[in-house]
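Peer 1: Please find one structure pasted underneath; my questions will follow.
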Amino acid sequence: MAEPMKIRATLQGDVADVRILMMHPMETGQRKDSKGQVVPLHFIKNVVVTHNGKVVLDAQWSQAVSRNPFLGVRVKGAKAGDKIGVTWTDNKGDKRTDEVTVAAPS
Amino acid sequence: MNELRRTFLKLSGSAGTLALATAAGVLKPGPAWAAEWNQDAFAAKAVSDALKNLGATNLIESKDIVITAPDIAENGAVVPVAVTSKIANTQSISILSEKNPFPLAASFTVSNGGEGYVSTRLKMGETSNVRAVVKADGKFYTAVKEVKVTIGGCG
């Protein structure tokens with residue numbers, strides 16, 4: 001089971017600054033392990049970010065995205081207490097969804 | 001969450017029910033709203049092929065696209081890249097690392113108030129141009145920035 005994401009959404013004016021950290025090996029299919037065996041491709045293919053249930057960003061990724069991927073997005077017209085949801089799906093069909101509420105600026 | 005899981009377990013109690021649910025489209029494999037992964041563009045080994053499969057033709061050089069990336073990246077496994085598009089009605093942003101085995105690294109579709117801004121971290125095999133391609137109002141705009149890589153991150 002995939003580990004939870006770390007998501008932070010902070011309001012700046014009427015824009016929510018969303019920062020997401022996913023836990024994933026993101027194997028390129030080119031790396032060899034200590035026994036010289038090629039580690040098979042294993043990477044996040046799709047990331048969907050929603051704002052109160054509406055899709056604001058639909059990302060398609062390749063294996064070129066770094067391990068434990070970081071994603072930063074900005075959502076216009078957000079208010080404190082709004083829900084930001086993130087779902088990723090990898091090439092093995094594994095997926096993970098997490099949700100946070102937009103925090104008021106401190 | 002737990003209750004949902006229980007319902008699901010109950011539902012999938014017998015294989016027959018599960019098959020029925022799948023047939024009825026209740027349990028679609030993968031998120032139904034996610035756009036289909038652009039296999040052709042991601043598998044392309046040449047920049048021109050990747051662009052063609054993205055549908056990006058007649059690229060217009062634009063100063064309204066800002067690529068934020070280091071001039072010199074010591075570790076090619078983690079190169080922070082951010083793309084800001086100031087072009088109105090930005091629909092999608094794609095990022096290519098031109099000398100990677102598969103140049104297209106990521107493609108983002110923006111909608112419903114998402115801003116023309118994405119930030120992520122990429123692996124880069126060697127020193128190369130990072131190219132951003134922005135689609136806005138059916139037109140494609142582009143910008144490049146060279147990133148020097150000290151240690152490649154594809155191995």
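Ligands are numbered from 1 in the order shown, residues from 1 within each chain, and chains are lettered A, B, ... in the order they appear in the structure tokens.
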Each residue of chain A with at least one atom at most 9 Å from chain B should appear once, together with its nearest atom pair and the corresponding distance in Å (one decimal); atoms considered: only C-alpha atoms; ordering: chain, then increasing residue number; output as a Markdown table.

Peer 2:
```
| residue | atom | partner | partner_atom | distance |
| --- | --- | --- | --- | --- |
| A:Val15 | CA | B:Glu115 | CA | 8.7 |
| A:Arg19 | CA | B:Ser119 | CA | 8.8 |
| A:Thr28 | CA | B:Cys154 | CA | 7.2 |
| A:Gln30 | CA | B:Gly155 | CA | 6.1 |
| A:Arg31 | CA | B:Gly155 | CA | 5.1 |
| A:Lys32 | CA | B:Gly155 | CA | 7.8 |
| A:Lys45 | CA | B:Trp37 | CA | 7.3 |
| A:Asn46 | CA | B:Trp37 | CA | 7.5 |
| A:Val47 | CA | B:Ala34 | CA | 8.4 |
| A:Val48 | CA | B:Ala34 | CA | 7.2 |
| A:His51 | CA | B:Asn112 | CA | 8.5 |
| A:Lys54 | CA | B:Asn112 | CA | 6.9 |
| A:Val55 | CA | B:Ser111 | CA | 6.7 |
| A:Val56 | CA | B:Ser111 | CA | 4.7 |
| A:Leu57 | CA | B:Val110 | CA | 4.7 |
| A:Asp58 | CA | B:Thr109 | CA | 5.0 |
| A:Ala59 | CA | B:Phe108 | CA | 4.2 |
| A:Gln60 | CA | B:Ser107 | CA | 5.1 |
| A:Trp61 | CA | B:Ala106 | CA | 4.3 |
| A:Ser62 | CA | B:Ala105 | CA | 5.1 |
| A:Gln63 | CA | B:Ala105 | CA | 7.1 |
| A:Ala64 | CA | B:Lys123 | CA | 5.0 |
| A:Val65 | CA | B:Leu122 | CA | 4.3 |
| A:Ser66 | CA | B:Leu122 | CA | 4.9 |
| A:Arg67 | CA | B:Val78 | CA | 7.9 |
| A:Pro69 | CA | B:Arg121 | CA | 6.6 |
| A:Phe70 | CA | B:Thr120 | CA | 5.2 |
| A:Leu71 | CA | B:Thr120 | CA | 4.7 |
| A:Gly72 | CA | B:Ser119 | CA | 4.6 |
| A:Val73 | CA | B:Val118 | CA | 5.1 |
| A:Arg74 | CA | B:Glu115 | CA | 5.4 |
| A:Val75 | CA | B:Gly114 | CA | 4.6 |
| A:Lys76 | CA | B:Gly113 | CA | 5.0 |
| A:Gly77 | CA | B:Gly113 | CA | 6.8 |
| A:Ala78 | CA | B:Gly113 | CA | 8.8 |
| A:Thr87 | CA | B:Pro31 | CA | 8.8 |
| A:Thr89 | CA | B:Gly30 | CA | 7.5 |
| A:Gly93 | CA | B:Gly30 | CA | 7.2 |
| A:Lys95 | CA | B:Gly30 | CA | 8.5 |
```

Peer 1: Got time to write the residues from that selection, N, CA and C atoms, as a compact mmCIF listing (two decimals), in the first residue's frame?

Peer 2:
```
# COMPACT_ATOMS: atom_id res chain seq x y z
N VAL A 15 -5.50 33.05 -4.29
CA VAL A 15 -4.85 31.90 -4.92
C VAL A 15 -4.33 30.96 -3.85
N ARG A 19 1.26 22.54 -2.44
CA ARG A 19 2.52 21.81 -2.60
C ARG A 19 2.33 20.37 -2.16
N THR A 28 13.13 4.14 -13.42
CA THR A 28 13.17 4.49 -14.84
C THR A 28 13.21 3.27 -15.76
N GLN A 30 15.90 1.70 -16.16
CA GLN A 30 17.27 1.68 -16.68
C GLN A 30 18.28 1.38 -15.59
N ARG A 31 17.85 1.57 -14.35
CA ARG A 31 18.77 1.40 -13.22
C ARG A 31 18.95 -0.08 -12.94
N LYS A 32 20.16 -0.45 -12.53
CA LYS A 32 20.41 -1.84 -12.15
C LYS A 32 20.60 -1.93 -10.65
N LYS A 45 2.01 7.64 -13.41
CA LYS A 45 1.63 8.05 -14.76
C LYS A 45 0.72 9.27 -14.75
N ASN A 46 -0.12 9.29 -13.75
CA ASN A 46 -1.18 10.29 -13.78
C ASN A 46 -1.41 10.90 -12.39
N VAL A 47 -1.51 12.21 -12.35
CA VAL A 47 -1.82 12.90 -11.10
C VAL A 47 -2.97 13.86 -11.38
N VAL A 48 -4.01 13.77 -10.56
CA VAL A 48 -5.15 14.67 -10.73
C VAL A 48 -5.32 15.48 -9.46
N HIS A 51 -10.17 20.79 -6.86
CA HIS A 51 -10.53 21.87 -5.94
C HIS A 51 -12.04 21.78 -5.73
N LYS A 54 -13.72 19.67 -8.31
CA LYS A 54 -13.52 19.98 -9.73
C LYS A 54 -12.05 19.81 -10.08
N VAL A 55 -11.79 19.18 -11.21
CA VAL A 55 -10.40 18.96 -11.62
C VAL A 55 -9.75 20.28 -12.03
N VAL A 56 -8.65 20.64 -11.37
CA VAL A 56 -7.93 21.85 -11.77
C VAL A 56 -6.65 21.53 -12.52
N LEU A 57 -6.09 20.34 -12.27
CA LEU A 57 -4.86 19.97 -12.96
C LEU A 57 -4.86 18.46 -13.20
N ASP A 58 -4.60 18.09 -14.45
CA ASP A 58 -4.51 16.68 -14.80
C ASP A 58 -3.12 16.48 -15.40
N ALA A 59 -2.26 15.81 -14.66
CA ALA A 59 -0.87 15.68 -15.09
C ALA A 59 -0.59 14.28 -15.61
N GLN A 60 0.11 14.23 -16.72
CA GLN A 60 0.62 12.96 -17.23
C GLN A 60 2.13 13.01 -17.08
N TRP A 61 2.67 11.99 -16.45
CA TRP A 61 4.10 11.99 -16.19
C TRP A 61 4.80 10.84 -16.88
N SER A 62 6.10 11.01 -17.07
CA SER A 62 6.93 9.91 -17.54
C SER A 62 7.84 9.51 -16.38
N GLN A 63 8.71 8.55 -16.65
CA GLN A 63 9.64 8.11 -15.61
C GLN A 63 10.72 9.14 -15.32
N ALA A 64 10.73 10.25 -16.06
CA ALA A 64 11.75 11.26 -15.86
C ALA A 64 11.48 12.16 -14.67
N VAL A 65 10.35 12.00 -14.03
CA VAL A 65 10.08 12.78 -12.83
C VAL A 65 10.83 12.12 -11.66
N SER A 66 11.42 12.95 -10.81
CA SER A 66 12.30 12.44 -9.75
C SER A 66 11.58 11.54 -8.74
N ARG A 67 12.38 10.77 -8.03
CA ARG A 67 11.88 9.90 -6.97
C ARG A 67 11.20 10.75 -5.89
N PRO A 69 8.13 12.26 -5.90
CA PRO A 69 7.89 13.47 -6.70
C PRO A 69 7.28 14.63 -5.91
N PHE A 70 7.72 15.80 -6.31
CA PHE A 70 7.16 17.04 -5.79
C PHE A 70 6.32 17.68 -6.89
N LEU A 71 5.19 18.22 -6.50
CA LEU A 71 4.37 18.94 -7.47
C LEU A 71 3.82 20.20 -6.81
N GLY A 72 4.03 21.33 -7.47
CA GLY A 72 3.50 22.58 -6.96
C GLY A 72 2.49 23.14 -7.96
N VAL A 73 1.31 23.51 -7.49
CA VAL A 73 0.31 24.12 -8.37
C VAL A 73 -0.34 25.29 -7.65
N ARG A 74 -0.98 26.16 -8.43
CA ARG A 74 -1.71 27.28 -7.84
C ARG A 74 -3.14 27.24 -8.32
N VAL A 75 -4.07 27.42 -7.38
CA VAL A 75 -5.49 27.35 -7.71
C VAL A 75 -6.12 28.71 -7.45
N LYS A 76 -6.66 29.29 -8.53
CA LYS A 76 -7.29 30.60 -8.43
C LYS A 76 -8.68 30.48 -7.80
N GLY A 77 -9.11 31.53 -7.14
CA GLY A 77 -10.48 31.59 -6.61
C GLY A 77 -10.72 30.66 -5.45
N ALA A 78 -9.66 30.31 -4.73
CA ALA A 78 -9.82 29.42 -3.58
C ALA A 78 -10.09 30.23 -2.32
N THR A 87 -4.96 12.76 -6.41
CA THR A 87 -4.96 11.32 -6.67
C THR A 87 -3.85 11.00 -7.65
N THR A 89 -1.93 7.75 -9.90
CA THR A 89 -2.04 6.38 -10.37
C THR A 89 -0.71 6.01 -11.01
N GLY A 93 -0.96 0.25 -11.71
CA GLY A 93 -2.37 0.36 -11.32
C GLY A 93 -2.57 0.73 -9.86
N LYS A 95 -2.79 3.13 -6.69
CA LYS A 95 -3.16 4.54 -6.61
C LYS A 95 -3.35 4.99 -5.18
```

Peer 1: Assign secondary structure with DSSP using the backbone only, and return the residues of segment 22-153 of chain B in helix (DSSP H, G or I) as a list of chain:residue names.

Peer 2: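 Residues meeting the helix (DSSP H, G or I) criterion: B:Thr22, B:Ala23, B:Gln39, B:Asp40, B:Ala41, B:Phe42, B:Ala43, B:Val47, B:Ser48, B:Asp49, B:Ala50, B:Leu51, B:Lys52, B:Asn53, B:Leu54.
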
Peer 1: Create the file for the chosen residues now, containing all heavy atoms and written as a tab-separated table (two decimals), in the first residue's frame.

Peer 2:
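The resulting result26.tsv:
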```tsv
chain	number	residue	atom	x	y	z
B	22	THR	N	-18.13	-4.75	-12.40
B	22	THR	CA	-17.22	-4.23	-13.42
B	22	THR	C	-17.97	-4.05	-14.74
B	22	THR	O	-17.82	-3.04	-15.41
B	22	THR	CB	-16.03	-5.19	-13.63
B	22	THR	OG1	-15.57	-5.60	-12.36
B	22	THR	CG2	-14.92	-4.51	-14.38
B	23	ALA	N	-18.78	-5.03	-15.05
B	23	ALA	CA	-19.53	-4.98	-16.30
B	23	ALA	C	-20.48	-3.79	-16.30
B	23	ALA	O	-20.67	-3.12	-17.31
B	23	ALA	CB	-20.30	-6.28	-16.49
B	39	GLN	N	0.63	7.71	-24.74
B	39	GLN	CA	1.66	6.70	-24.96
B	39	GLN	C	2.67	7.09	-26.05
B	39	GLN	O	3.87	7.02	-25.85
B	39	GLN	CB	0.99	5.37	-25.31
B	39	GLN	CG	1.94	4.23	-25.61
B	39	GLN	CD	2.66	3.73	-24.36
B	39	GLN	OE1	2.04	3.60	-23.31
B	39	GLN	NE2	3.95	3.48	-24.47
B	40	ASP	N	2.16	7.54	-27.19
B	40	ASP	CA	3.03	7.85	-28.33
B	40	ASP	C	4.01	8.97	-28.01
B	40	ASP	O	5.19	8.90	-28.33
B	40	ASP	CB	2.19	8.25	-29.55
B	40	ASP	CG	1.38	7.08	-30.06
B	40	ASP	OD1	1.74	5.94	-29.72
B	40	ASP	OD2	0.39	7.30	-30.77
B	41	ALA	N	3.49	10.02	-27.36
B	41	ALA	CA	4.34	11.16	-27.06
B	41	ALA	C	5.40	10.79	-26.02
B	41	ALA	O	6.55	11.19	-26.12
B	41	ALA	CB	3.50	12.33	-26.57
B	42	PHE	N	5.00	9.99	-25.02
B	42	PHE	CA	5.95	9.65	-23.97
B	42	PHE	C	6.99	8.64	-24.44
B	42	PHE	O	8.09	8.58	-23.93
B	42	PHE	CB	5.23	9.11	-22.73
B	42	PHE	CG	4.65	10.20	-21.88
B	42	PHE	CD1	3.28	10.43	-21.85
B	42	PHE	CD2	5.47	11.01	-21.11
B	42	PHE	CE1	2.74	11.44	-21.07
B	42	PHE	CE2	4.95	12.03	-20.33
B	42	PHE	CZ	3.58	12.23	-20.31
B	43	ALA	N	6.63	7.81	-25.41
B	43	ALA	CA	7.57	6.80	-25.90
B	43	ALA	C	8.51	7.35	-26.96
B	43	ALA	O	9.46	6.68	-27.35
B	43	ALA	CB	6.79	5.60	-26.45
B	47	VAL	N	12.93	14.62	-29.87
B	47	VAL	CA	12.12	15.76	-29.43
B	47	VAL	C	11.02	16.06	-30.45
B	47	VAL	O	9.87	16.29	-30.10
B	47	VAL	CB	13.01	16.99	-29.21
B	47	VAL	CG1	12.18	18.21	-28.84
B	47	VAL	CG2	14.03	16.70	-28.12
B	48	SER	N	11.41	16.00	-31.75
B	48	SER	CA	10.44	16.35	-32.78
B	48	SER	C	9.25	15.39	-32.78
B	48	SER	O	8.10	15.80	-32.95
B	48	SER	CB	11.11	16.36	-34.15
B	48	SER	OG	11.73	15.11	-34.38
B	49	ASP	N	9.53	14.07	-32.55
B	49	ASP	CA	8.43	13.11	-32.50
B	49	ASP	C	7.52	13.35	-31.30
B	49	ASP	O	6.29	13.25	-31.40
B	49	ASP	CB	8.99	11.68	-32.41
B	49	ASP	CG	9.61	11.24	-33.72
B	49	ASP	OD1	9.35	11.92	-34.74
B	49	ASP	OD2	10.36	10.24	-33.73
B	50	ALA	N	8.15	13.65	-30.17
B	50	ALA	CA	7.35	13.90	-28.96
B	50	ALA	C	6.43	15.09	-29.19
B	50	ALA	O	5.24	15.05	-28.84
B	50	ALA	CB	8.27	14.16	-27.76
B	51	LEU	N	6.98	16.15	-29.80
B	51	LEU	CA	6.17	17.34	-30.05
B	51	LEU	C	5.03	17.04	-31.01
B	51	LEU	O	3.90	17.47	-30.82
B	51	LEU	CB	7.05	18.47	-30.62
B	51	LEU	CG	8.04	19.09	-29.64
B	51	LEU	CD1	8.94	20.07	-30.36
B	51	LEU	CD2	7.32	19.76	-28.49
B	52	LYS	N	5.36	16.24	-32.04
B	52	LYS	CA	4.35	15.90	-33.04
B	52	LYS	C	3.19	15.14	-32.38
B	52	LYS	O	2.02	15.41	-32.62
B	52	LYS	CB	4.99	15.05	-34.13
B	52	LYS	CG	4.20	15.05	-35.43
B	52	LYS	CD	5.05	14.54	-36.58
B	52	LYS	CE	5.47	13.10	-36.35
B	52	LYS	NZ	6.44	12.62	-37.35
B	53	ASN	N	3.54	14.19	-31.50
B	53	ASN	CA	2.51	13.40	-30.83
B	53	ASN	C	1.72	14.19	-29.80
B	53	ASN	O	0.64	13.79	-29.39
B	53	ASN	CB	3.12	12.16	-30.20
B	53	ASN	CG	3.44	11.12	-31.25
B	53	ASN	OD1	2.60	10.80	-32.07
B	53	ASN	ND2	4.65	10.62	-31.24
B	54	LEU	N	2.29	15.31	-29.36
B	54	LEU	CA	1.53	16.19	-28.47
B	54	LEU	C	0.58	17.05	-29.28
B	54	LEU	O	-0.26	17.76	-28.74
B	54	LEU	CB	2.48	17.11	-27.70
B	54	LEU	CG	3.19	16.58	-26.45
B	54	LEU	CD1	4.15	17.63	-25.95
B	54	LEU	CD2	2.20	16.23	-25.37
```

Peer 1: Compare B:Lys99, B:Tyr141, B:Val130, B:Lys135 by their minimum atom-to-atom distance to Asp71 of chain B, counting only C-alpha atoms, and give me the closest one.

Peer 2: B:Val130

Peer 1: Quick one: residues within 12 Å of Ala9 of chain A, only C-alpha atoms counted, chain neighbours fewer than 5 positions away excluded, as a PyMOL selection string?

Peer 2: chain A and resi 15-21+49+51+71-75+78-86+99-106

Peer 1: Hey, can you spit out that residue selection with N, CA, C and O atoms as a compact mmCIF listing (two decimals), in the first residue's frame?

Peer 2:
```txt
# COMPACT_ATOMS: atom_id res chain seq x y z
N VAL A 15 -5.50 33.05 -4.29
CA VAL A 15 -4.85 31.90 -4.92
C VAL A 15 -4.33 30.96 -3.85
O VAL A 15 -3.67 31.38 -2.90
N ALA A 16 -4.68 29.69 -4.01
CA ALA A 16 -4.16 28.69 -3.08
C ALA A 16 -2.86 28.13 -3.65
O ALA A 16 -2.83 27.67 -4.78
N ASP A 17 -1.82 28.21 -2.85
CA ASP A 17 -0.53 27.65 -3.25
C ASP A 17 -0.49 26.22 -2.71
O ASP A 17 -0.48 26.02 -1.50
N VAL A 18 -0.52 25.25 -3.63
CA VAL A 18 -0.61 23.86 -3.21
C VAL A 18 0.73 23.17 -3.46
O VAL A 18 1.28 23.25 -4.56
N ARG A 19 1.26 22.54 -2.44
CA ARG A 19 2.52 21.81 -2.60
C ARG A 19 2.33 20.37 -2.16
O ARG A 19 1.84 20.11 -1.07
N ILE A 20 2.69 19.47 -3.05
CA ILE A 20 2.41 18.05 -2.83
C ILE A 20 3.72 17.27 -2.88
O ILE A 20 4.53 17.48 -3.79
N LEU A 21 3.90 16.39 -1.94
CA LEU A 21 5.05 15.49 -1.97
C LEU A 21 4.51 14.06 -1.94
O LEU A 21 3.81 13.67 -1.01
N VAL A 49 -5.37 16.81 -9.62
CA VAL A 49 -5.59 17.69 -8.48
C VAL A 49 -6.98 18.30 -8.61
O VAL A 49 -7.35 18.79 -9.68
N HIS A 51 -10.17 20.79 -6.86
CA HIS A 51 -10.53 21.87 -5.94
C HIS A 51 -12.04 21.78 -5.73
O HIS A 51 -12.81 21.96 -6.68
N LEU A 71 5.19 18.22 -6.50
CA LEU A 71 4.37 18.94 -7.47
C LEU A 71 3.82 20.20 -6.81
O LEU A 71 3.26 20.15 -5.72
N GLY A 72 4.03 21.33 -7.47
CA GLY A 72 3.50 22.58 -6.96
C GLY A 72 2.49 23.14 -7.96
O GLY A 72 2.78 23.19 -9.15
N VAL A 73 1.31 23.51 -7.49
CA VAL A 73 0.31 24.12 -8.37
C VAL A 73 -0.34 25.29 -7.65
O VAL A 73 -0.24 25.42 -6.42
N ARG A 74 -0.98 26.16 -8.43
CA ARG A 74 -1.71 27.28 -7.84
C ARG A 74 -3.14 27.24 -8.32
O ARG A 74 -3.40 27.03 -9.50
N VAL A 75 -4.07 27.42 -7.38
CA VAL A 75 -5.49 27.35 -7.71
C VAL A 75 -6.12 28.71 -7.45
O VAL A 75 -6.11 29.21 -6.33
N ALA A 78 -9.66 30.31 -4.73
CA ALA A 78 -9.82 29.42 -3.58
C ALA A 78 -10.09 30.23 -2.32
O ALA A 78 -9.69 31.39 -2.22
N LYS A 79 -10.78 29.60 -1.38
CA LYS A 79 -11.06 30.23 -0.10
C LYS A 79 -10.58 29.31 1.01
O LYS A 79 -10.44 28.09 0.81
N ALA A 80 -10.35 29.89 2.19
CA ALA A 80 -9.95 29.06 3.32
C ALA A 80 -11.04 28.04 3.60
O ALA A 80 -12.23 28.35 3.54
N GLY A 81 -10.65 26.82 3.85
CA GLY A 81 -11.62 25.76 4.13
C GLY A 81 -11.99 24.95 2.90
O GLY A 81 -12.63 23.90 3.00
N ASP A 82 -11.61 25.42 1.71
CA ASP A 82 -11.87 24.65 0.49
C ASP A 82 -11.09 23.34 0.52
O ASP A 82 -10.05 23.24 1.16
N LYS A 83 -11.61 22.36 -0.21
CA LYS A 83 -10.95 21.06 -0.22
C LYS A 83 -10.06 20.92 -1.46
O LYS A 83 -10.49 21.20 -2.58
N ILE A 84 -8.84 20.50 -1.23
CA ILE A 84 -7.93 20.19 -2.32
C ILE A 84 -7.65 18.68 -2.27
O ILE A 84 -7.19 18.17 -1.25
N GLY A 85 -7.98 18.00 -3.34
CA GLY A 85 -7.76 16.55 -3.40
C GLY A 85 -6.69 16.21 -4.41
O GLY A 85 -6.55 16.87 -5.43
N VAL A 86 -5.91 15.20 -4.11
CA VAL A 86 -4.87 14.75 -5.04
C VAL A 86 -4.95 13.24 -5.17
O VAL A 86 -5.05 12.52 -4.17
N GLU A 99 -6.52 14.21 0.77
CA GLU A 99 -7.24 15.48 0.70
C GLU A 99 -6.81 16.39 1.85
O GLU A 99 -6.54 15.91 2.95
N VAL A 100 -6.74 17.68 1.57
CA VAL A 100 -6.48 18.66 2.64
C VAL A 100 -7.44 19.83 2.46
O VAL A 100 -8.05 20.00 1.41
N THR A 101 -7.55 20.63 3.53
CA THR A 101 -8.32 21.87 3.40
C THR A 101 -7.34 23.02 3.26
O THR A 101 -6.23 22.98 3.79
N VAL A 102 -7.78 24.03 2.53
CA VAL A 102 -6.92 25.20 2.30
C VAL A 102 -6.81 25.98 3.61
O VAL A 102 -7.83 26.30 4.23
N ALA A 103 -5.58 26.24 4.02
CA ALA A 103 -5.35 26.95 5.27
C ALA A 103 -5.33 28.46 5.03
O ALA A 103 -4.88 28.92 3.98
N ALA A 104 -5.86 29.20 6.00
CA ALA A 104 -5.84 30.65 5.89
C ALA A 104 -4.40 31.13 6.03
O ALA A 104 -3.59 30.47 6.67
N PRO A 105 -4.06 32.26 5.39
CA PRO A 105 -2.68 32.74 5.51
C PRO A 105 -2.35 33.08 6.96
O PRO A 105 -3.18 33.65 7.65
N SER A 106 -1.18 32.70 7.38
CA SER A 106 -0.83 32.95 8.79
C SER A 106 -0.10 34.28 8.91
O SER A 106 0.53 34.72 7.97
```

Peer 1: Quick one: distance from atom CA of Met26 of chain A to atom CA of Asn52 of chain A in Å, one decimal?

Peer 2: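 Those two atoms sit 28.5 Å apart.
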
Peer 1: Grab the atom CA of Glu27 of chain A to atom CA of Val149 of chain B distance for me, in Å with one decimal place.

Peer 2: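 Computing it gives 19.8 Å between the two atoms.
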
Peer 1: Using Å and a single decimal, report how far atom CA of Gly138 of chain B sits from atom CA of Val66 of chain B.

Peer 2: 19.6 Å
